[in-house]
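Participant: Let me give you the structure first, and then I'll get to my questions.
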Amino acid sequence: MSASKCCARGFDVNLETEGVDDGGQPATIHGELLGLVLREASVNILKYAADKGDVNITLSLTHEGNGVTVSSALPKAYDQVKDLATAPLSGGQGLGIMRERIENAGGALHVGPVGSHWVVTCLLPEKEG
């Protein structure tokens with residue numbers, strides 16, 4: 001596992017990778033899905049996360065499967081809008097359509113609050129081949 005840290009748009013970003021340094025590559029469809037999840041989670045961080053909060057990204061490419069987890073600090077006013085966290089994901093755009101694509105690939109997507117962070121996790125099954 002390797003780790004790096006940087007600052008982007010006022011956020012402290014911590015990145016951990018597993019299997020990437022060993023030349024690990026996801027199956028093509030897995031790479032596309034992981035990229036979509038990372039992009040959507042990043043856009044949502046810019047829109048909704050606590051200003052200058054911490055962001056943690058973990059990318060894992062192993063023989064057991066592929067996954068990405070993105071977590072960001074929730075804004076202090078989150079308790080005033082927490083009903084948004086339990087609202088169903090809408091279809092057509094964003095995380096709702098990704099959930100369907102990930103499940104069609106045999107994977108799972110979790111989106112929601114965990115403690116003081118908003119967490120998006122995508123897990124895809126073992127690589128083929």
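Here, A, B, ... name the chains of the structure tokens in the order displayed, residue numbers run from 1 inside each chain, and ligands are numbered from 1 in the same displayed order.
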Tell me which protein, DNA and RNA residues are within 6 Å of A:Val120, counting only C-alpha atoms, leaving out same-chain ones fewer than 5 positions away, and put them as a PyMOL selection string.

Facilitator: chain A and resi 69-70+110-111

Participant: Could you list, as number ranges by chain, every residue within 7 Å of A:Thr58, counting only C-alpha atoms and ignoring same-chain residues fewer than 2 positions away?

Facilitator: A: 15-17, 56, 60, 68-70

Participant: Could you turn the residues from that selection into a file that holds N, CA and C atoms, as a short mmCIF file (atom, residue, chain, number, x, y, z; two decimals), in the first residue's frame?

Facilitator:
```cif
data_model
loop_
_atom_site.label_atom_id
_atom_site.label_comp_id
_atom_site.auth_asym_id
_atom_site.auth_seq_id
_atom_site.Cartn_x
_atom_site.Cartn_y
_atom_site.Cartn_z
N LEU A 15 -4.34 10.18 -0.48
CA LEU A 15 -4.56 9.13 -1.46
C LEU A 15 -3.79 7.89 -1.05
N GLU A 16 -4.48 6.76 -0.94
CA GLU A 16 -3.84 5.48 -0.68
C GLU A 16 -4.15 4.55 -1.84
N THR A 17 -3.14 3.82 -2.27
CA THR A 17 -3.34 2.86 -3.36
C THR A 17 -2.80 1.50 -2.96
N ASN A 56 -10.36 11.76 1.70
CA ASN A 56 -9.57 10.54 1.66
C ASN A 56 -10.02 9.70 0.48
N SER A 60 -7.98 0.41 -4.75
CA SER A 60 -7.44 -0.94 -4.55
C SER A 60 -7.68 -1.77 -5.80
N VAL A 68 -12.86 1.53 -5.03
CA VAL A 68 -12.47 2.90 -4.72
C VAL A 68 -13.39 3.39 -3.62
N THR A 69 -12.80 4.10 -2.66
CA THR A 69 -13.56 4.73 -1.59
C THR A 69 -13.14 6.18 -1.51
N VAL A 70 -14.13 7.07 -1.47
CA VAL A 70 -13.88 8.50 -1.34
C VAL A 70 -14.69 8.99 -0.16
#
```

Participant: Which is closest to A:Val55 among A:Pro113, A:Gly106, A:Pro125, A:Gly10, if we use only C-alpha atoms?

Facilitator: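 Of A:Pro113, A:Gly106, A:Pro125, A:Gly10, the one nearest A:Val55 is A:Gly10, counting only C-alpha atoms.
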
Participant: When you look at A:Asp51 with a cut-off of 9 Å (counting only C-alpha atoms), what residues show up, excluding the ones that are within fewer than 5 positions of it in the same chain? I need them as an NGL selection string.

Facilitator: :A and (10-11 or 46 or 73 or 75)

Participant: Calculate how many Å separate atom CA of A:Glu126 from atom CA of A:Leu33, rounding to one decimal.

Facilitator: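 The value is 14.2 Å.
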
Participant: Given only C-alpha atoms as the basis, pick out the residue of A:Glu103, A:Asn44, A:Gly94, A:Leu123 nearest to A:Ser72.

Facilitator: A:Asn44

Participant: From the list A:Thr121, A:Ser42, A:Asn14, A:Ser2, which residue is nearest A:Leu109 when using only C-alpha atoms?

Facilitator: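 Between A:Thr121, A:Ser42, A:Asn14, A:Ser2, the residue approaching A:Leu109 most closely is A:Thr121.
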
Participant: With distances taken over only C-alpha atoms, which of A:Cys122, A:Val13, A:Gly65, A:Leu59 is nearest to A:Arg101?

Facilitator: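 Among the listed residues, A:Cys122 lies closest to A:Arg101.
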
Participant: Out of A:Gly19, A:Ile57, A:Ala50, A:Thr62, which residue has the shortest atom-to-atom distance to A:Leu38 when counting only C-alpha atoms?

Facilitator: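 Closest candidate: A:Ile57.
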